[in-house]
>>> print(open('query-v4.cif').read())   # mmCIF, C-alpha atoms
data_model
loop_
_atom_site.group_PDB
_atom_site.id
_atom_site.type_symbol
_atom_site.label_atom_id
_atom_site.label_comp_id
_atom_site.auth_asym_id
_atom_site.auth_seq_id
_atom_site.Cartn_x
_atom_site.Cartn_y
_atom_site.Cartn_z
ATOM 1 C CA MET A 19 26.848 157.771 -162.560
ATOM 2 C CA THR A 20 30.294 156.343 -163.241
ATOM 3 C CA VAL A 21 33.187 158.104 -161.580
ATOM 4 C CA MET A 22 36.305 158.353 -163.709
ATOM 5 C CA ILE A 23 39.437 157.067 -162.055
ATOM 6 C CA ARG A 24 41.490 159.946 -160.725
ATOM 7 C CA ASP A 25 44.818 159.668 -158.979
ATOM 8 C CA CYS A 26 44.214 160.601 -155.335
ATOM 9 C CA ARG A 27 47.099 160.418 -152.918
ATOM 10 C CA ASP A 28 44.826 161.452 -150.053
ATOM 11 C CA PHE A 29 41.353 162.637 -149.147
ATOM 12 C CA ASN A 30 42.160 166.332 -149.552
ATOM 13 C CA VAL A 31 42.905 165.723 -153.241
ATOM 14 C CA ALA A 32 39.626 163.789 -153.640
ATOM 15 C CA LEU A 33 37.762 166.555 -151.816
ATOM 16 C CA LYS A 34 39.193 169.177 -154.171
ATOM 17 C CA PHE A 35 38.054 167.118 -157.180
ATOM 18 C CA ALA A 36 34.561 166.682 -155.701
ATOM 19 C CA TYR A 37 34.269 170.348 -154.731
ATOM 20 C CA ASP A 38 35.414 171.515 -158.172
ATOM 21 C CA ASP A 39 32.999 169.073 -159.867
ATOM 22 C CA TRP A 40 30.148 170.337 -157.685
ATOM 23 C CA LYS A 41 30.918 173.940 -158.559
ATOM 24 C CA LEU A 42 31.029 173.110 -162.280
ATOM 25 C CA GLU A 43 27.479 171.707 -162.055
ATOM 26 C CA GLY A 44 26.219 175.179 -161.160
ATOM 27 C CA ASP A 45 27.766 178.561 -160.621
ATOM 28 C CA PRO A 46 31.568 178.214 -160.323
ATOM 29 C CA ALA A 47 31.536 180.884 -157.596
ATOM 30 C CA ARG A 48 28.939 179.140 -155.437
ATOM 31 C CA GLU A 49 29.621 177.775 -151.992
ATOM 32 C CA PRO A 50 27.746 175.067 -150.083
ATOM 33 C CA THR A 51 24.750 176.584 -148.314
ATOM 34 C CA THR A 52 22.897 173.486 -147.112
ATOM 35 C CA PHE A 53 23.712 170.304 -145.258
ATOM 36 C CA GLN A 54 22.749 168.460 -148.446
ATOM 37 C CA ASP A 55 25.357 170.401 -150.439
ATOM 38 C CA GLY A 56 28.080 169.548 -147.927
ATOM 39 C CA THR A 57 26.998 165.903 -147.776
ATOM 40 C CA GLU A 58 26.959 165.616 -151.565
ATOM 41 C CA ILE A 59 30.496 166.985 -151.856
ATOM 42 C CA MET A 60 31.869 164.770 -149.050
ATOM 43 C CA CYS A 61 30.177 161.622 -150.389
ATOM 44 C CA ASN A 62 31.468 162.288 -153.894
ATOM 45 C CA ALA A 63 34.955 162.834 -152.479
ATOM 46 C CA MET A 64 34.722 159.468 -150.701
ATOM 47 C CA LYS A 65 33.639 157.819 -153.946
ATOM 48 C CA ILE A 66 36.527 159.398 -155.872
ATOM 49 C CA MET A 67 39.036 158.310 -153.208
ATOM 50 C CA LEU A 68 37.714 154.739 -152.881
ATOM 51 C CA VAL A 69 37.659 154.181 -156.640
ATOM 52 C CA SER A 70 41.210 155.522 -156.923
ATOM 53 C CA LYS A 71 42.531 153.355 -154.077
ATOM 54 C CA ASN A 72 40.683 150.256 -155.292
ATOM 55 C CA HIS A 73 42.102 150.743 -158.776
ATOM 56 C CA LYS A 74 45.657 151.228 -157.431
ATOM 57 C CA TYR A 75 45.731 148.462 -154.828
ATOM 58 C CA GLY A 76 43.359 145.902 -156.288
ATOM 59 C CA LYS A 77 41.110 143.779 -154.126
ATOM 60 C CA GLN A 78 43.366 141.266 -152.393
ATOM 61 C CA ASN A 79 44.564 143.649 -149.681
ATOM 62 C CA ILE A 80 40.994 143.570 -148.347
ATOM 63 C CA LEU A 81 39.777 140.143 -149.467
ATOM 64 C CA LYS A 82 42.694 138.282 -147.867
ATOM 65 C CA PHE A 83 41.648 139.233 -144.315
ATOM 66 C CA GLY A 84 38.034 140.362 -144.845
ATOM 67 C CA GLN A 85 36.074 142.041 -142.078
ATOM 68 C CA GLN A 86 38.729 141.230 -139.475
ATOM 69 C CA GLY A 87 41.387 142.994 -141.529
ATOM 70 C CA ILE A 88 39.151 146.025 -141.947
ATOM 71 C CA PHE A 89 38.486 146.081 -138.202
ATOM 72 C CA ILE A 90 42.229 146.132 -137.499
ATOM 73 C CA ARG A 91 42.872 148.883 -140.054
ATOM 74 C CA ASP A 92 39.972 150.900 -138.690
ATOM 75 C CA TRP A 93 41.179 150.393 -135.111
ATOM 76 C CA ASP A 94 44.452 152.043 -136.128
ATOM 77 C CA LYS A 95 42.444 155.057 -137.317
ATOM 78 C CA ILE A 96 40.418 155.138 -134.074
ATOM 79 C CA CYS A 97 43.671 155.160 -132.092
ATOM 80 C CA ARG A 98 44.976 158.029 -134.225
ATOM 81 C CA LEU A 99 41.732 159.947 -133.590
ATOM 82 C CA GLU A 100 42.153 159.349 -129.860
ATOM 83 C CA GLU A 101 45.658 160.801 -130.035
ATOM 84 C CA GLY A 102 44.442 163.895 -131.880
ATOM 85 C CA ILE A 103 41.092 164.542 -130.214
ATOM 86 C CA ILE A 104 41.471 163.237 -126.668
ATOM 87 C CA LYS A 105 45.207 163.664 -126.072
ATOM 88 C CA GLY A 106 45.695 166.767 -128.217
ATOM 89 C CA VAL A 107 48.579 165.333 -130.237
ATOM 90 C CA ASP A 108 49.307 167.178 -133.493
ATOM 91 C CA LEU A 109 48.560 164.665 -136.251
ATOM 92 C CA GLY A 110 50.663 166.578 -138.745
ATOM 93 C CA ALA A 111 49.798 166.677 -142.429
ATOM 94 C CA GLU A 112 47.462 163.717 -142.128
ATOM 95 C CA GLY A 113 45.270 165.574 -139.652
ATOM 96 C CA LEU A 114 41.766 164.887 -138.437
ATOM 97 C CA LEU A 115 39.968 165.250 -141.780
ATOM 98 C CA GLU A 116 42.182 162.652 -143.444
ATOM 99 C CA THR A 117 41.824 160.292 -140.484
ATOM 100 C CA TRP A 118 38.031 160.638 -140.432
ATOM 101 C CA ALA A 119 38.028 160.002 -144.195
ATOM 102 C CA ASP A 120 40.102 156.833 -143.690
ATOM 103 C CA ASN A 121 37.620 155.722 -141.041
ATOM 104 C CA ALA A 122 34.654 156.402 -143.330
ATOM 105 C CA GLY A 123 36.408 154.684 -146.224
ATOM 106 C CA TYR A 124 37.011 151.503 -144.253
ATOM 107 C CA SER A 125 33.385 151.567 -143.108
ATOM 108 C CA LEU A 126 32.189 151.821 -146.705
ATOM 109 C CA VAL A 127 34.529 149.026 -147.801
ATOM 110 C CA ALA A 128 33.206 146.845 -144.964
ATOM 111 C CA MET A 129 29.629 147.513 -146.090
ATOM 112 C CA LEU A 130 30.529 146.691 -149.701
ATOM 113 C CA LEU A 131 32.183 143.503 -148.488
ATOM 114 C CA GLU A 132 29.139 142.588 -146.410
ATOM 115 C CA LYS A 133 26.851 143.007 -149.439
ATOM 116 C CA ASP A 134 29.350 141.034 -151.593
ATOM 117 C CA TRP A 135 29.757 144.093 -153.819
ATOM 118 C CA TYR A 136 33.436 144.682 -153.053
ATOM 119 C CA LYS A 137 34.464 142.128 -155.674
ATOM 120 C CA LEU A 138 32.694 144.047 -158.438
ATOM 121 C CA PRO A 139 35.092 145.358 -161.091
ATOM 122 C CA VAL A 140 36.212 148.957 -161.217
ATOM 123 C CA LYS A 141 34.931 150.396 -164.491
ATOM 124 C CA THR A 142 37.703 152.042 -166.471
ATOM 125 C CA ASP A 143 37.509 154.387 -169.405
ATOM 126 C CA GLU A 144 39.833 152.119 -171.366
#
>>> encode(input="query-v4.cif", output="structure tokens")
Amino acid sequence: MTVMIRDCRDFNVALKFAYDDWKLEGDPAREPTTFQDGTEIMCNAMKIMLVSKNHKYGKQNILKFGQQGIFIRDWDKICRLEEGIIKGVDLGAEGLLETWADNAGYSLVAMLLEKDWYKLPVKTDE
């Protein structure tokens, strides 16, 4: 399944797209009732966000520094999680969900890079 490129400024926007898409596949009034439902929505939100970011930023921001660059970016997210979870600092609008999504996104990018799939083109509707 190809995911159309949607403009996502953050994970909450991607999550709304994924949730709305999921509801349109069935009853628009339905809510997730199983772990599988929740996982499907979250994974689709990650896909929407990663495709959007990859389309906006291109590939060089990751390819230039590779796994080491991803590790550094991810470390920043781990430190932010420490501030919010361990030290109780208010993370503001970015919050825990957005930070966890950033962490998951960098992990997925690292796995794509490891499999040499990160360089694959982003399919556009054009």
>>> closest_residue(input="query-v4.cif", among="A:Asn121, A:Asn72, A:Asn79, A:Gln54", to="A:Asp94", atoms="only C-alpha atoms")
A:Asn121
>>> resolve_selection(input="query-v4.cif", expression="the PyMOL selection byres ((chain A and resi 29) around 7)", output="number ranges by chain")
A: 28, 30-33, 67, 116, 119
>>> write_last_selection(input="query-v4.cif", atoms="C-alpha atoms", output="CSV table (one decimal), in the frame of the given file")
chain,number,residue,atom,x,y,z
A,28,ASP,CA,44.8,161.5,-150.1
A,30,ASN,CA,42.2,166.3,-149.6
A,31,VAL,CA,42.9,165.7,-153.2
A,32,ALA,CA,39.6,163.8,-153.6
A,33,LEU,CA,37.8,166.6,-151.8
A,67,MET,CA,39.0,158.3,-153.2
A,116,GLU,CA,42.2,162.7,-143.4
A,119,ALA,CA,38.0,160.0,-144.2
>>> residues_around(input="query-v4.cif", residues="stretch 123-133 of chain A", least_positions_apart="5", cutoff="10 Å", atoms="all atoms listed in the file", output="list in words")
Phe29, Met64, Lys65, Met67, Leu68, Asn72, Ile80, Leu81, Gly84, Gln85, Gln86, Gly87, Ile88, Phe89, Arg91, Asp92, Lys95, Thr117, Trp118 and Leu138 of chain A
>>> residues_around(input="query-v4.cif", residues="A:Met22", least_positions_apart="5", cutoff="12 Å", atoms="all atoms listed in the file", output="list in words")
Ala32, Phe35, Ala36, Asp39, Asn62, Lys65, Ile66, Met67, Leu68, Val69, Ser70, His73, Val140, Lys141, Thr142, Asp143 and Glu144 of chain A
>>> atom_distance(input="query-v4.cif", atom1="atom CA of A:Cys26", atom2="atom CA of A:Ala63")
9.9 Å
>>> resolve_selection(input="query-v4.cif", expression="the PyMOL selection byres ((chain A and resi 99) around 12)", output="list in words")
Asp92, Trp93, Asp94, Lys95, Ile96, Cys97, Arg98, Glu100, Glu101, Gly102, Ile103, Ile104, Lys105, Gly106, Val107, Asp108, Leu109, Glu112, Gly113, Leu114, Leu115, Glu116, Thr117, Trp118, Ala119, Asp120 and Asn121 of chain A
>>> atom_distance(input="query-v4.cif", atom1="atom CA of A:Glu43", atom2="atom CA of A:Ala122")
25.2 Å
>>> closest_residue(input="query-v4.cif", among="A:Asp25, A:Ile90, A:Tyr37, A:Pro139", to="A:Lys77", atoms="all atoms listed in the file")
A:Pro139
>>> atom_distance(input="query-v4.cif", atom1="atom CA of A:Cys61", atom2="atom CA of A:Trp40")
11.4 Å
>>> axis_aligned_box(input="query-v4.cif", around="stretch 79-92 of chain A", padding_each_side="3 Å", output="AutoDock Vina command-line options")
--center_x 40.3 --center_y 144.6 --center_z -143.6 --size_x 14.5 --size_y 18.6 --size_z 18.2
>>> build_atoms(input="query-v4.cif", residues="stretch 111-137 of chain A", atoms="N, CA and C atoms", output="tab-separated table (two decimals), keeping the file's coordinate frame")
chain	number	residue	atom	x	y	z
A	111	ALA	N	50.45	166.47	-141.14
A	111	ALA	CA	49.80	166.68	-142.43
A	111	ALA	C	48.57	165.79	-142.59
A	112	GLU	N	48.60	164.62	-141.97
A	112	GLU	CA	47.46	163.72	-142.13
A	112	GLU	C	46.21	164.29	-141.47
A	113	GLY	N	46.34	164.85	-140.31
A	113	GLY	CA	45.27	165.57	-139.65
A	113	GLY	C	43.99	164.80	-139.40
A	114	LEU	N	43.04	165.50	-138.80
A	114	LEU	CA	41.77	164.89	-138.44
A	114	LEU	C	40.90	164.57	-139.65
A	115	LEU	N	40.82	165.48	-140.62
A	115	LEU	CA	39.97	165.25	-141.78
A	115	LEU	C	40.39	163.98	-142.53
A	116	GLU	N	41.67	163.84	-142.76
A	116	GLU	CA	42.18	162.65	-143.44
A	116	GLU	C	41.90	161.38	-142.64
A	117	THR	N	42.06	161.45	-141.34
A	117	THR	CA	41.82	160.29	-140.48
A	117	THR	C	40.35	159.92	-140.47
A	118	TRP	N	39.47	160.92	-140.36
A	118	TRP	CA	38.03	160.64	-140.43
A	118	TRP	C	37.67	160.04	-141.79
A	119	ALA	N	38.29	160.54	-142.86
A	119	ALA	CA	38.03	160.00	-144.20
A	119	ALA	C	38.48	158.55	-144.29
A	120	ASP	N	39.64	158.23	-143.72
A	120	ASP	CA	40.10	156.83	-143.69
A	120	ASP	C	39.09	155.95	-142.97
A	121	ASN	N	38.61	156.45	-141.83
A	121	ASN	CA	37.62	155.72	-141.04
A	121	ASN	C	36.35	155.49	-141.86
A	122	ALA	N	35.86	156.53	-142.50
A	122	ALA	CA	34.65	156.40	-143.33
A	122	ALA	C	34.90	155.46	-144.50
A	123	GLY	N	36.08	155.56	-145.09
A	123	GLY	CA	36.41	154.68	-146.22
A	123	GLY	C	36.40	153.22	-145.84
A	124	TYR	N	37.02	152.90	-144.71
A	124	TYR	CA	37.01	151.50	-144.25
A	124	TYR	C	35.60	151.04	-143.92
A	125	SER	N	34.78	151.93	-143.39
A	125	SER	CA	33.38	151.57	-143.11
A	125	SER	C	32.64	151.26	-144.40
A	126	LEU	N	32.83	152.08	-145.41
A	126	LEU	CA	32.19	151.82	-146.71
A	126	LEU	C	32.68	150.52	-147.33
A	127	VAL	N	33.98	150.28	-147.26
A	127	VAL	CA	34.53	149.03	-147.80
A	127	VAL	C	33.93	147.83	-147.06
A	128	ALA	N	33.80	147.94	-145.75
A	128	ALA	CA	33.21	146.84	-144.96
A	128	ALA	C	31.75	146.60	-145.39
A	129	MET	N	31.02	147.67	-145.64
A	129	MET	CA	29.63	147.51	-146.09
A	129	MET	C	29.57	146.89	-147.48
A	130	LEU	N	30.46	147.30	-148.37
A	130	LEU	CA	30.53	146.69	-149.70
A	130	LEU	C	30.87	145.21	-149.60
A	131	LEU	N	31.79	144.89	-148.71
A	131	LEU	CA	32.18	143.50	-148.49
A	131	LEU	C	31.01	142.70	-147.95
A	132	GLU	N	30.30	143.27	-147.01
A	132	GLU	CA	29.14	142.59	-146.41
A	132	GLU	C	28.06	142.28	-147.45
A	133	LYS	N	27.86	143.19	-148.38
A	133	LYS	CA	26.85	143.01	-149.44
A	133	LYS	C	27.39	142.18	-150.61
A	134	ASP	N	28.66	141.77	-150.53
A	134	ASP	CA	29.35	141.03	-151.59
A	134	ASP	C	29.46	141.87	-152.87
A	135	TRP	N	29.58	143.18	-152.70
A	135	TRP	CA	29.76	144.09	-153.82
A	135	TRP	C	31.21	144.53	-153.97
A	136	TYR	N	32.04	144.24	-152.99
A	136	TYR	CA	33.44	144.68	-153.05
A	136	TYR	C	34.18	144.04	-154.22
A	137	LYS	N	33.79	142.85	-154.59
A	137	LYS	CA	34.46	142.13	-155.67
A	137	LYS	C	34.09	142.65	-157.06
